[in-house]
file protein37.cif (mmCIF, C-alpha atoms)
data_structure
loop_
_atom_site.label_atom_id
_atom_site.label_comp_id
_atom_site.auth_asym_id
_atom_site.auth_seq_id
_atom_site.Cartn_x
_atom_site.Cartn_y
_atom_site.Cartn_z
CA MET A 1 59.82 44.32 178.03
CA HIS A 2 62.52 46.92 178.63
CA ASN A 3 62.82 49.51 181.37
CA VAL A 4 64.57 52.67 180.31
CA THR A 5 66.63 55.37 181.98
CA MET A 6 66.00 58.57 180.02
CA LEU A 7 68.76 61.16 180.29
CA GLY A 8 67.32 64.52 179.34
CA ALA A 9 63.97 66.20 179.90
CA GLY A 10 64.04 68.64 176.99
CA LEU A 11 62.23 68.42 173.65
CA ILE A 12 64.16 65.38 172.45
CA GLY A 13 63.65 63.62 175.78
CA MET A 14 59.94 64.32 175.45
CA PHE A 15 59.79 62.92 171.91
CA TYR A 16 61.73 59.82 172.95
CA THR A 17 59.63 59.18 176.06
CA LEU A 18 56.29 59.72 174.33
CA THR A 19 57.41 57.36 171.57
CA LEU A 20 58.38 54.64 174.02
CA HIS A 21 55.04 55.05 175.84
CA SER A 22 52.94 55.01 172.65
CA ASN A 23 51.04 52.17 170.94
CA ARG A 24 50.45 50.26 174.23
CA SER A 25 54.16 49.41 174.28
CA PRO A 26 55.37 47.33 177.24
CA ASP A 27 58.67 49.24 177.15
CA LYS A 28 58.62 52.09 179.65
CA VAL A 29 60.78 54.93 180.86
CA LYS A 30 61.19 54.19 184.56
CA VAL A 31 63.69 56.90 185.50
CA LEU A 32 64.04 60.42 184.12
CA TYR A 33 67.19 62.48 184.67
CA SER A 34 67.48 66.21 184.21
CA ARG A 35 70.01 68.78 185.35
CA SER A 36 67.04 70.87 186.49
CA GLU A 37 64.98 69.66 189.46
CA ASP A 38 61.88 71.54 188.33
CA ARG A 39 62.15 70.22 184.77
CA ALA A 40 62.72 66.66 186.00
CA ARG A 41 59.73 66.71 188.34
CA GLU A 42 57.32 68.43 185.94
CA SER A 43 58.31 66.30 182.94
CA ALA A 44 58.10 63.03 184.85
CA GLU A 45 54.58 63.89 185.95
CA ALA A 46 53.52 65.00 182.46
CA TRP A 47 55.01 61.95 180.69
CA GLY A 48 53.98 59.28 183.18
CA VAL A 49 57.47 58.43 184.44
CA GLU A 50 57.59 56.82 187.91
CA ARG A 51 60.84 58.31 189.20
CA TRP A 52 63.00 61.32 188.48
CA THR A 53 66.41 62.50 189.65
CA THR A 54 69.10 65.12 189.13
CA ASP A 55 71.83 62.55 189.83
CA MET A 56 73.10 61.08 186.56
CA ASP A 57 74.95 58.22 188.24
CA ALA A 58 71.85 57.18 190.17
CA ALA A 59 69.75 57.31 187.02
CA ILE A 60 72.16 55.19 184.98
CA ASN A 61 72.76 52.65 187.74
CA ASP A 62 69.11 52.24 188.67
CA PRO A 63 68.66 48.48 189.26
CA GLU A 64 65.32 48.31 187.43
CA THR A 65 66.49 49.68 184.08
CA ASP A 66 68.41 47.85 181.35
CA ILE A 67 68.68 50.56 178.66
CA VAL A 68 70.11 54.08 178.89
CA VAL A 69 68.78 56.58 176.32
CA ILE A 70 70.80 59.78 175.99
CA GLY A 71 69.01 62.99 175.04
CA LEU A 72 71.43 65.42 176.64
CA PRO A 73 73.44 68.40 175.31
CA ASN A 74 76.23 67.25 173.00
CA SER A 75 79.06 67.93 175.43
CA LEU A 76 77.58 65.44 177.93
CA HIS A 77 77.22 62.48 175.55
CA LYS A 78 80.67 61.02 176.15
CA GLU A 79 80.35 61.13 179.93
CA ALA A 80 76.92 59.50 179.81
CA VAL A 81 78.01 56.76 177.40
CA LEU A 82 81.05 55.83 179.46
CA LYS A 83 78.91 55.65 182.61
CA ALA A 84 76.34 53.47 180.83
CA VAL A 85 79.10 51.15 179.61
CA ALA A 86 80.49 50.88 183.16
CA ALA A 87 76.99 49.90 184.29
CA GLY A 88 76.83 47.22 181.59
CA LYS A 89 73.66 48.59 180.06
CA ALA A 90 72.56 48.93 176.46
CA VAL A 91 72.97 52.53 175.36
CA LEU A 92 71.20 54.57 172.70
CA CYS A 93 72.52 58.06 171.98
CA THR A 94 70.94 60.93 170.13
CA LYS A 95 72.71 62.74 167.31
CA PRO A 96 75.45 63.90 167.02
CA LEU A 97 77.29 61.10 168.77
CA ALA A 98 79.92 63.52 170.08
CA THR A 99 81.30 67.00 169.54
CA ASN A 100 84.29 65.63 167.59
CA ALA A 101 85.56 62.42 166.03
CA ALA A 102 88.15 61.70 168.74
CA ASP A 103 85.48 61.57 171.43
CA ALA A 104 83.16 59.60 169.15
CA LYS A 105 85.92 57.03 168.56
CA GLU A 106 86.50 56.69 172.30
CA MET A 107 82.77 56.07 172.80
CA LEU A 108 82.68 53.54 169.95
CA ASP A 109 85.69 51.68 171.36
CA ALA A 110 84.13 51.64 174.83
CA VAL A 111 80.82 50.03 173.78
CA GLU A 112 82.52 47.52 171.47
CA GLU A 113 85.15 46.47 174.01
CA ALA A 114 82.46 46.04 176.67
CA GLY A 115 80.18 44.19 174.28
CA VAL A 116 77.14 46.32 175.12
CA PHE A 117 74.37 47.00 172.61
CA HIS A 118 74.65 50.47 171.08
CA GLY A 119 72.43 52.46 168.73
CA TYR A 120 72.84 55.88 167.11
CA LEU A 121 69.49 57.68 167.29
CA GLU A 122 69.56 59.36 163.88
CA ASP A 123 65.80 59.71 163.58
CA LEU A 124 65.65 61.19 160.06
CA ILE A 125 67.10 57.96 158.65
CA TYR A 126 64.01 56.21 160.01
CA THR A 127 61.25 58.41 158.58
CA PRO A 128 58.87 56.32 156.45
CA LYS A 129 59.80 58.27 153.31
CA VAL A 130 63.54 57.89 153.84
CA LEU A 131 63.27 54.16 154.55
CA LYS A 132 61.40 53.73 151.26
CA THR A 133 63.93 55.93 149.48
CA ILE A 134 66.88 53.89 150.77
CA ASP A 135 65.12 50.68 149.75
CA ALA A 136 64.43 52.04 146.26
CA VAL A 137 68.04 53.20 145.83
CA GLN A 138 69.39 49.84 146.98
CA LYS A 139 67.12 48.11 144.45
CA GLY A 140 68.68 50.18 141.66
CA VAL A 141 65.67 52.41 140.95
CA VAL A 142 67.88 55.46 140.28
CA GLY A 143 70.82 53.51 138.89
CA LYS A 144 74.25 54.50 140.14
CA VAL A 145 73.98 57.35 142.63
CA LEU A 146 75.64 60.52 141.35
CA TRP A 147 74.36 63.24 143.67
CA THR A 148 72.44 63.70 146.90
CA ARG A 149 71.06 66.87 148.41
CA SER A 150 69.82 67.25 151.97
CA ARG A 151 68.34 70.44 153.39
CA GLU A 152 67.35 71.22 156.98
CA THR A 153 66.49 74.79 157.86
CA HIS A 154 64.37 76.61 160.43
CA GLY A 155 64.46 79.68 162.67
CA GLY A 156 66.85 78.21 165.22
CA PRO A 157 66.99 75.72 168.11
CA HIS A 158 64.64 75.75 171.08
CA SER A 159 67.16 75.58 173.97
CA ALA A 160 69.99 77.89 175.02
CA TRP A 161 72.70 75.21 175.00
CA PHE A 162 72.46 74.76 171.21
CA TRP A 163 73.75 78.32 170.78
CA ASP A 164 76.71 77.77 173.15
CA PRO A 165 79.83 76.41 171.36
CA GLU A 166 81.18 74.86 174.56
CA MET A 167 78.06 72.74 175.06
CA ALA A 168 77.10 72.12 171.43
CA GLY A 169 80.51 71.87 169.77
CA GLY A 170 79.41 74.02 166.85
CA GLY A 171 76.37 75.63 165.32
CA ALA A 172 73.92 74.71 162.58
CA ILE A 173 76.32 72.12 161.12
CA ILE A 174 76.67 70.00 164.24
CA ASP A 175 72.98 70.51 165.05
CA MET A 176 71.49 69.69 161.64
CA GLY A 177 74.36 68.91 159.30
CA CYS A 178 74.79 65.59 161.10
CA HIS A 179 71.30 64.62 159.86
CA CYS A 180 72.11 65.67 156.30
CA ILE A 181 75.46 63.89 156.24
CA GLU A 182 74.03 60.57 157.41
CA LEU A 183 71.15 60.85 154.95
CA SER A 184 73.70 61.34 152.18
CA ARG A 185 75.74 58.32 153.34
CA ALA A 186 72.61 56.17 153.44
CA MET A 187 71.75 57.05 149.84
CA VAL A 188 75.27 56.88 148.37
CA GLY A 189 75.98 53.70 150.34
CA LYS A 190 77.47 53.61 153.82
CA ASP A 191 80.22 51.29 152.62
CA ILE A 192 81.47 54.00 150.20
CA ARG A 193 84.23 56.07 151.76
CA PRO A 194 83.74 59.85 152.03
CA VAL A 195 87.09 61.26 150.96
CA GLU A 196 86.97 65.06 151.16
CA VAL A 197 84.69 68.00 151.90
CA MET A 198 84.28 71.66 151.04
CA CYS A 199 82.11 74.00 153.10
CA TRP A 200 81.09 77.64 153.36
CA ALA A 201 79.61 78.82 156.65
CA ASP A 202 78.94 82.14 158.30
CA THR A 203 77.09 83.84 161.12
CA GLN A 204 74.57 85.93 159.25
CA VAL A 205 71.83 86.84 161.70
CA HIS A 206 72.32 85.86 165.32
CA PRO A 207 74.77 87.39 167.86
CA ILE A 208 76.51 84.06 168.53
CA GLU A 209 79.99 82.57 168.23
CA VAL A 210 78.98 79.68 165.93
CA GLU A 211 77.72 79.40 162.36
CA ASP A 212 74.01 79.89 161.73
CA HIS A 213 74.12 79.00 158.01
CA ALA A 214 76.25 76.59 155.99
CA ILE A 215 76.39 74.90 152.59
CA GLY A 216 78.77 72.01 152.01
CA LEU A 217 79.84 69.28 149.62
CA ILE A 218 81.01 65.76 150.43
CA LYS A 219 82.94 63.87 147.76
CA TYR A 220 82.79 60.08 147.91
CA GLU A 221 85.31 57.59 146.59
CA SER A 222 82.73 56.43 144.03
CA GLY A 223 82.67 59.92 142.51
CA ALA A 224 79.24 60.72 143.97
CA ILE A 225 78.69 64.13 145.55
CA GLY A 226 76.60 64.83 148.65
CA GLN A 227 75.34 68.38 149.14
CA PHE A 228 73.99 69.70 152.44
CA GLU A 229 72.29 72.97 153.31
CA VAL A 230 71.61 73.94 156.93
CA SER A 231 70.39 77.19 158.42
CA TRP A 232 68.99 78.70 161.60
CA ASN A 233 67.90 81.74 159.57
CA PHE A 234 65.02 80.29 157.56
CA ALA A 235 61.68 82.08 157.92
CA GLY A 236 58.60 79.93 157.52
CA GLY A 237 58.92 76.94 159.84
CA MET A 238 61.05 73.84 159.40
CA ASP A 239 62.04 72.80 155.89
CA LEU A 240 63.28 69.21 155.59
CA ARG A 241 63.96 67.97 152.06
CA ASP A 242 66.09 65.27 150.48
CA GLU A 243 66.97 64.39 146.91
CA VAL A 244 68.95 61.61 145.31
CA SER A 245 69.84 61.52 141.63
CA GLY A 246 71.43 58.69 139.68
CA THR A 247 72.13 57.52 136.17
CA GLU A 248 68.62 56.12 135.79
CA GLY A 249 66.36 58.25 137.97
CA THR A 250 65.68 60.79 140.69
CA ILE A 251 63.82 60.78 144.01
CA TRP A 252 62.56 63.94 145.75
CA VAL A 253 61.36 63.85 149.36
CA ASN A 254 59.62 66.67 151.26
CA HIS A 255 59.32 65.70 154.92
CA TRP A 256 57.77 68.70 156.62
CA LEU A 257 56.43 71.57 154.47
CA ARG A 258 53.93 70.98 151.66
CA THR A 259 53.25 67.42 152.71
CA GLY A 260 49.56 67.35 151.77
CA PHE A 261 48.10 68.66 155.05
CA GLU A 262 47.51 72.42 154.91
CA ILE A 263 45.19 74.70 156.87
CA PHE A 264 44.39 78.38 156.37
CA THR A 265 43.00 80.23 159.38
CA ARG A 266 42.47 83.88 160.27
CA VAL A 267 41.72 83.14 163.91
CA GLY A 268 44.38 80.53 164.68
CA GLN A 269 44.12 77.17 166.39
CA GLU A 270 45.34 78.31 169.81
CA GLY A 271 48.21 75.96 170.36
CA TYR A 272 51.08 73.93 169.01
CA VAL A 273 51.04 73.33 165.24
CA ALA A 274 54.25 71.41 164.51
CA GLU A 275 57.91 71.55 165.49
CA LYS A 276 59.47 74.93 164.63
CA ALA A 277 56.18 76.36 163.26
CA GLU A 278 56.42 80.15 163.52
CA GLY A 279 52.75 81.06 163.97
CA GLU A 280 49.21 79.83 164.31
CA THR A 281 47.38 82.00 161.77
CA GLY A 282 47.47 82.16 157.99
CA TRP A 283 48.65 79.05 156.19
CA LEU A 284 49.58 76.29 158.62
CA PHE A 285 51.26 72.98 157.85
CA PRO A 286 50.40 70.53 160.64
CA VAL A 287 51.73 66.99 160.72
CA GLY A 288 49.44 63.99 161.04
CA ASP A 289 51.67 61.96 163.38
CA GLU A 290 54.73 63.94 164.36
CA LEU A 291 56.48 61.10 166.21
CA ALA A 292 56.16 58.80 163.19
CA GLU A 293 56.89 61.41 160.51
CA LEU A 294 60.13 62.42 162.26
CA GLY A 295 61.17 58.77 162.45
CA TYR A 296 60.99 58.26 166.21
CA VAL A 297 58.45 55.41 166.18
CA PRO A 298 60.17 53.24 163.53
CA MET A 299 63.57 54.10 165.02
CA PHE A 300 62.78 52.81 168.50
CA ASN A 301 60.90 49.81 167.09
CA GLU A 302 63.96 48.83 165.07
CA MET A 303 66.42 49.52 167.88
CA LEU A 304 64.55 47.46 170.46
CA ASN A 305 63.81 44.65 167.99
CA ALA A 306 67.54 44.51 167.18
CA LEU A 307 68.37 44.38 170.88
CA ASP A 308 65.86 41.56 171.45
CA THR A 309 67.07 39.49 168.51
CA GLY A 310 70.78 40.07 169.03
CA ILE A 311 71.43 41.79 165.69
CA GLU A 312 73.03 45.11 164.83
CA PRO A 313 70.63 48.02 164.26
CA ARG A 314 70.64 50.09 161.09
CA GLU A 315 72.43 52.95 162.90
CA THR A 316 75.23 52.21 165.38
CA PHE A 317 77.90 54.23 167.15
CA TYR A 318 80.16 53.49 164.19
CA ASP A 319 77.86 55.54 161.97
CA GLY A 320 77.94 58.35 164.51
CA TYR A 321 81.74 58.21 164.52
CA VAL A 322 81.93 58.51 160.72
CA VAL A 323 79.52 61.46 160.77
CA ASN A 324 81.68 63.18 163.39
CA ALA A 325 84.78 62.57 161.25
CA ILE A 326 83.07 64.20 158.28
CA MET A 327 81.96 67.17 160.38
CA ASP A 328 85.50 67.63 161.69
CA ALA A 329 86.66 67.96 158.07
CA VAL A 330 83.77 70.34 157.36
CA TYR A 331 84.88 72.68 160.14
CA ARG A 332 88.49 72.53 158.92
CA SER A 333 87.29 73.46 155.43
CA ILE A 334 85.43 76.50 156.75
CA ASP A 335 88.68 77.80 158.20
CA SER A 336 90.98 76.84 155.32
CA LYS A 337 88.50 77.67 152.52
CA ARG A 338 89.76 74.55 150.72
CA TRP A 339 88.80 70.93 150.17
CA GLU A 340 89.78 69.03 153.30
CA PRO A 341 90.33 65.26 153.62
CA VAL A 342 87.99 63.18 155.76
CA GLU A 343 90.15 61.40 158.33
CA ILE A 344 88.56 58.10 159.37
CA GLU A 345 90.91 56.16 161.61
CA ASP A 346 88.81 52.99 161.50
CA TRP A 347 87.25 52.59 158.03
CA ARG A 348 85.07 49.48 157.70
CA GLY A 349 83.64 49.92 154.22
CA VAL A 350 84.96 49.01 150.78
CA GLU A 351 88.23 50.37 149.44
CA GLY A 352 88.79 51.75 145.98
CA ALA A 353 85.15 52.17 144.95
CA GLU A 354 84.95 53.87 141.58
CA LEU A 355 82.00 55.24 139.64
CA SER A 356 81.83 53.26 136.44
CA THR A 357 81.52 55.23 133.21
CA ALA A 358 79.31 52.87 131.25
CA PHE A 359 79.06 54.86 128.01
CA THR A 360 76.41 53.78 125.52
CA ASP A 361 77.35 52.85 121.96
CA TYR A 362 75.06 54.36 119.32
CA ASP A 363 76.76 52.44 116.55
CA ALA A 364 80.25 51.17 115.73
CA GLU A 365 81.58 54.69 115.15
CA HIS A 366 79.69 56.74 117.75
CA LEU A 367 78.92 57.00 121.44
CA LEU A 368 75.50 58.32 122.45
CA VAL A 369 75.68 61.59 124.42
CA LYS A 370 71.95 62.43 124.47
CA GLU A 371 68.69 61.59 122.74
CA GLU A 372 65.80 64.09 122.87
CA LEU A 373 62.36 64.37 121.26
CA MET A 374 61.98 67.86 119.77
CA PRO A 375 58.79 69.99 119.48
CA ASP A 376 58.46 69.22 115.76
CA GLY A 377 58.27 65.49 116.46
CA ARG A 378 61.76 64.65 115.26
CA THR A 379 64.41 63.11 117.49
CA LYS A 380 67.71 64.88 118.00
CA LEU A 381 70.78 62.77 118.68
CA ILE A 382 73.95 64.18 120.21
CA LEU A 383 76.81 61.82 119.35
CA LYS A 384 80.55 61.59 119.91
CA GLU A 385 82.79 60.24 117.18
CA LYS A 386 84.96 57.51 118.67
CA SER A 387 87.84 58.13 116.33
CA THR A 388 88.11 61.92 116.67
CA GLY A 389 86.25 62.80 119.87
CA LYS A 390 84.18 65.32 117.92
CA ILE A 391 80.63 66.04 119.13
CA ILE A 392 78.01 66.04 116.37
CA GLU A 393 74.22 66.08 116.13
CA ARG A 394 71.67 64.33 113.93
CA LEU A 395 67.93 64.72 113.43
CA THR A 396 65.84 61.62 112.69
#
call {"tool": "encode", "arguments": {"input": "protein37.cif", "output": "structure tokens"}}
result
Amino acid sequence: MHNVTMLGAGLIGMFYTLTLHSNRSPDKVKVLYSRSEDRARESAEAWGVERWTTDMDAAINDPETDIVVIGLPNSLHKEAVLKAVAAGKAVLCTKPLATNAADAKEMLDAVEEAGVFHGYLEDLIYTPKVLKTIDAVQKGVVGKVLWTRSRETHGGPHSAWFWDPEMAGGGAIIDMGCHCIELSRAMVGKDIRPVEVMCWADTQVHPIEVEDHAIGLIKYESGAIGQFEVSWNFAGGMDLRDEVSGTEGTIWVNHWLRTGFEIFTRVGQEGYVAEKAEGETGWLFPVGDELAELGYVPMFNEMLNALDTGIEPRETFYDGYVVNAIMDAVYRSIDSKRWEPVEIEDWRGVEGAELSTAFTDYDAEHLLVKEELMPDGRTKLILKEKSTGKIIERLT
């Protein structure tokens, strides 16, 4: 049984607390911290939390709690982590780990030097569909990974601080691109170094000082490419999709829209439909179990099981640090309009990974480029002559 200090009483704090209190779990949030007294009091009552406070130090150092969970604005993550480390408590931090790689590295060093348990709460890695996708990729279902695509778009965040560059550290990229980047790493292989990035971003719709739309590419040392698309300008709810393509197959995942649960109503259902849903009439796309489908339930199960058994969780502060390093390069690329190197001070993966080019021999003189069954029933072969390099075709 674990007693938790929850830092943050916003939407993410609500999701985290409801998850920890679900399924008759013995793990409970004992103390809730918020910067707002009204929010702290009202949320504690609504979520069944015994005590609340507006004093972060008191919340972290509460003698009854052994885990600190951070669901605060991005600019407060470093302060909260360092306080949790000083208190000697296990610490779990929401995404992104920090507003930049330098701060993320300081947080990583702090937890490792103190020897405290640390977990990076990247919930979209833990959705049931993504966990099965990662397992399939690791088993070789798609062959060698060539390309990943991750898309997260909706009409914009729910709290004012997300739109403030001082508190958030950026716009749609740091809000949602961190999800997409870690999903790409998980599919390509987290031990494969990301080497450079290219990104376009702009502020298309909202009167803000940060980007509300971005499209980027991450090049990995293996030759694989990760593509991400993030936007706060998407009309129609929240669109979460992932794809991974390899030499032997492809996997498509739709997390939120068109997931098999659809309702049409002229009168509406008078209430909450799903996160970022834009209305309650017409076609609605509810979610059967929002906490599970967004990965919160399996994420906390895995984190707490890892803590209990003394093993490292799937997502640690090191992963958060690498994601921050990639995002730093992304923001440099936006300004330079060029490919920018990913600067990872402490790389712990493999070095020199290369994508093998295992060409297929058709016969002693030719390499097979493509084989395709045509409408007339014959098979067309596209071949390359080994001796001349000439591309030819044959019908059989």
call {"tool": "resolve_selection", "arguments": {"input": "protein37.cif", "expression": "the PyMOL selection byres ((chain A and resi 263-278) around 12)", "output": "count of residues only"}}
result
41
call {"tool": "resolve_selection", "arguments": {"input": "protein37.cif", "expression": "the PyMOL selection byres ((chain A and resi 1) around 8)", "output": "list in words"}}
result
His2, Asn3, Pro26 and Asp27 of chain A
call {"tool": "residues_around", "arguments": {"input": "protein37.cif", "residues": "A:Cys180", "least_positions_apart": "2", "cutoff": "9 Å", "atoms": "only C-alpha atoms", "output": "PDB file with C-alpha atoms, keeping the file's coordinate frame"}}
result
ATOM      1  CA  LEU A 124      65.650  61.190 160.060  1.00  0.00           C
ATOM      2  CA  ARG A 149      71.060  66.870 148.410  1.00  0.00           C
ATOM      3  CA  SER A 150      69.820  67.250 151.970  1.00  0.00           C
ATOM      4  CA  ARG A 151      68.340  70.440 153.390  1.00  0.00           C
ATOM      5  CA  GLU A 152      67.350  71.220 156.980  1.00  0.00           C
ATOM      6  CA  MET A 176      71.490  69.690 161.640  1.00  0.00           C
ATOM      7  CA  GLY A 177      74.360  68.910 159.300  1.00  0.00           C
ATOM      8  CA  CYS A 178      74.790  65.590 161.100  1.00  0.00           C
ATOM      9  CA  GLU A 182      74.030  60.570 157.410  1.00  0.00           C
ATOM     10  CA  LEU A 183      71.150  60.850 154.950  1.00  0.00           C
ATOM     11  CA  SER A 184      73.700  61.340 152.180  1.00  0.00           C
ATOM     12  CA  ARG A 185      75.740  58.320 153.340  1.00  0.00           C
ATOM     13  CA  GLY A 226      76.600  64.830 148.650  1.00  0.00           C
ATOM     14  CA  GLN A 227      75.340  68.380 149.140  1.00  0.00           C
ATOM     15  CA  PHE A 228      73.990  69.700 152.440  1.00  0.00           C
ATOM     16  CA  GLU A 229      72.290  72.970 153.310  1.00  0.00           C
ATOM     17  CA  VAL A 230      71.610  73.940 156.930  1.00  0.00           C
ATOM     18  CA  ASP A 242      66.090  65.270 150.480  1.00  0.00           C
TER      19      ASP A 242
END
call {"tool": "residues_around", "arguments": {"input": "protein37.cif", "residues": "A:Ile334", "least_positions_apart": "2", "cutoff": "9 Å", "atoms": "all atoms listed in the file", "output": "list in words"}}
result
Met198, Cys199, Trp200, Ala201, Asp202, Ala329, Val330, Tyr331, Arg332, Ser336, Lys337 and Arg338 of chain A
call {"tool": "resolve_selection", "arguments": {"input": "protein37.cif", "expression": "the PyMOL selection byres ((chain A and resi 55) around 10)", "output": "list of chain:residue names"}}
result
A:Leu32, A:Tyr33, A:Ser34, A:Arg35, A:Glu37, A:Trp52, A:Thr53, A:Thr54, A:Met56, A:Asp57, A:Ala58, A:Ala59, A:Ile60
call {"tool": "residues_around", "arguments": {"input": "protein37.cif", "residues": "A:Val4", "least_positions_apart": "3", "cutoff": "9 Å", "atoms": "all atoms listed in the file", "output": "mmCIF file with C-alpha atoms, in the coordinates of the input"}}
result
data_model
loop_
_atom_site.group_PDB
_atom_site.id
_atom_site.type_symbol
_atom_site.label_atom_id
_atom_site.label_comp_id
_atom_site.auth_asym_id
_atom_site.auth_seq_id
_atom_site.Cartn_x
_atom_site.Cartn_y
_atom_site.Cartn_z
ATOM 1 C CA ASP A 27 58.670 49.240 177.150
ATOM 2 C CA LYS A 28 58.620 52.090 179.650
ATOM 3 C CA VAL A 29 60.780 54.930 180.860
ATOM 4 C CA LYS A 30 61.190 54.190 184.560
ATOM 5 C CA VAL A 31 63.690 56.900 185.500
ATOM 6 C CA LEU A 32 64.040 60.420 184.120
ATOM 7 C CA GLU A 64 65.320 48.310 187.430
ATOM 8 C CA THR A 65 66.490 49.680 184.080
ATOM 9 C CA ASP A 66 68.410 47.850 181.350
ATOM 10 C CA ILE A 67 68.680 50.560 178.660
ATOM 11 C CA VAL A 68 70.110 54.080 178.890
ATOM 12 C CA VAL A 69 68.780 56.580 176.320
#
call {"tool": "axis_aligned_box", "arguments": {"input": "protein37.cif", "around": "stretch 140-145 of chain A", "padding_each_side": "5 Å", "output": "AutoDock Vina command-line options"}}
result
--center_x 70.0 --center_y 53.8 --center_z 140.8 --size_x 18.6 --size_y 17.2 --size_z 13.7
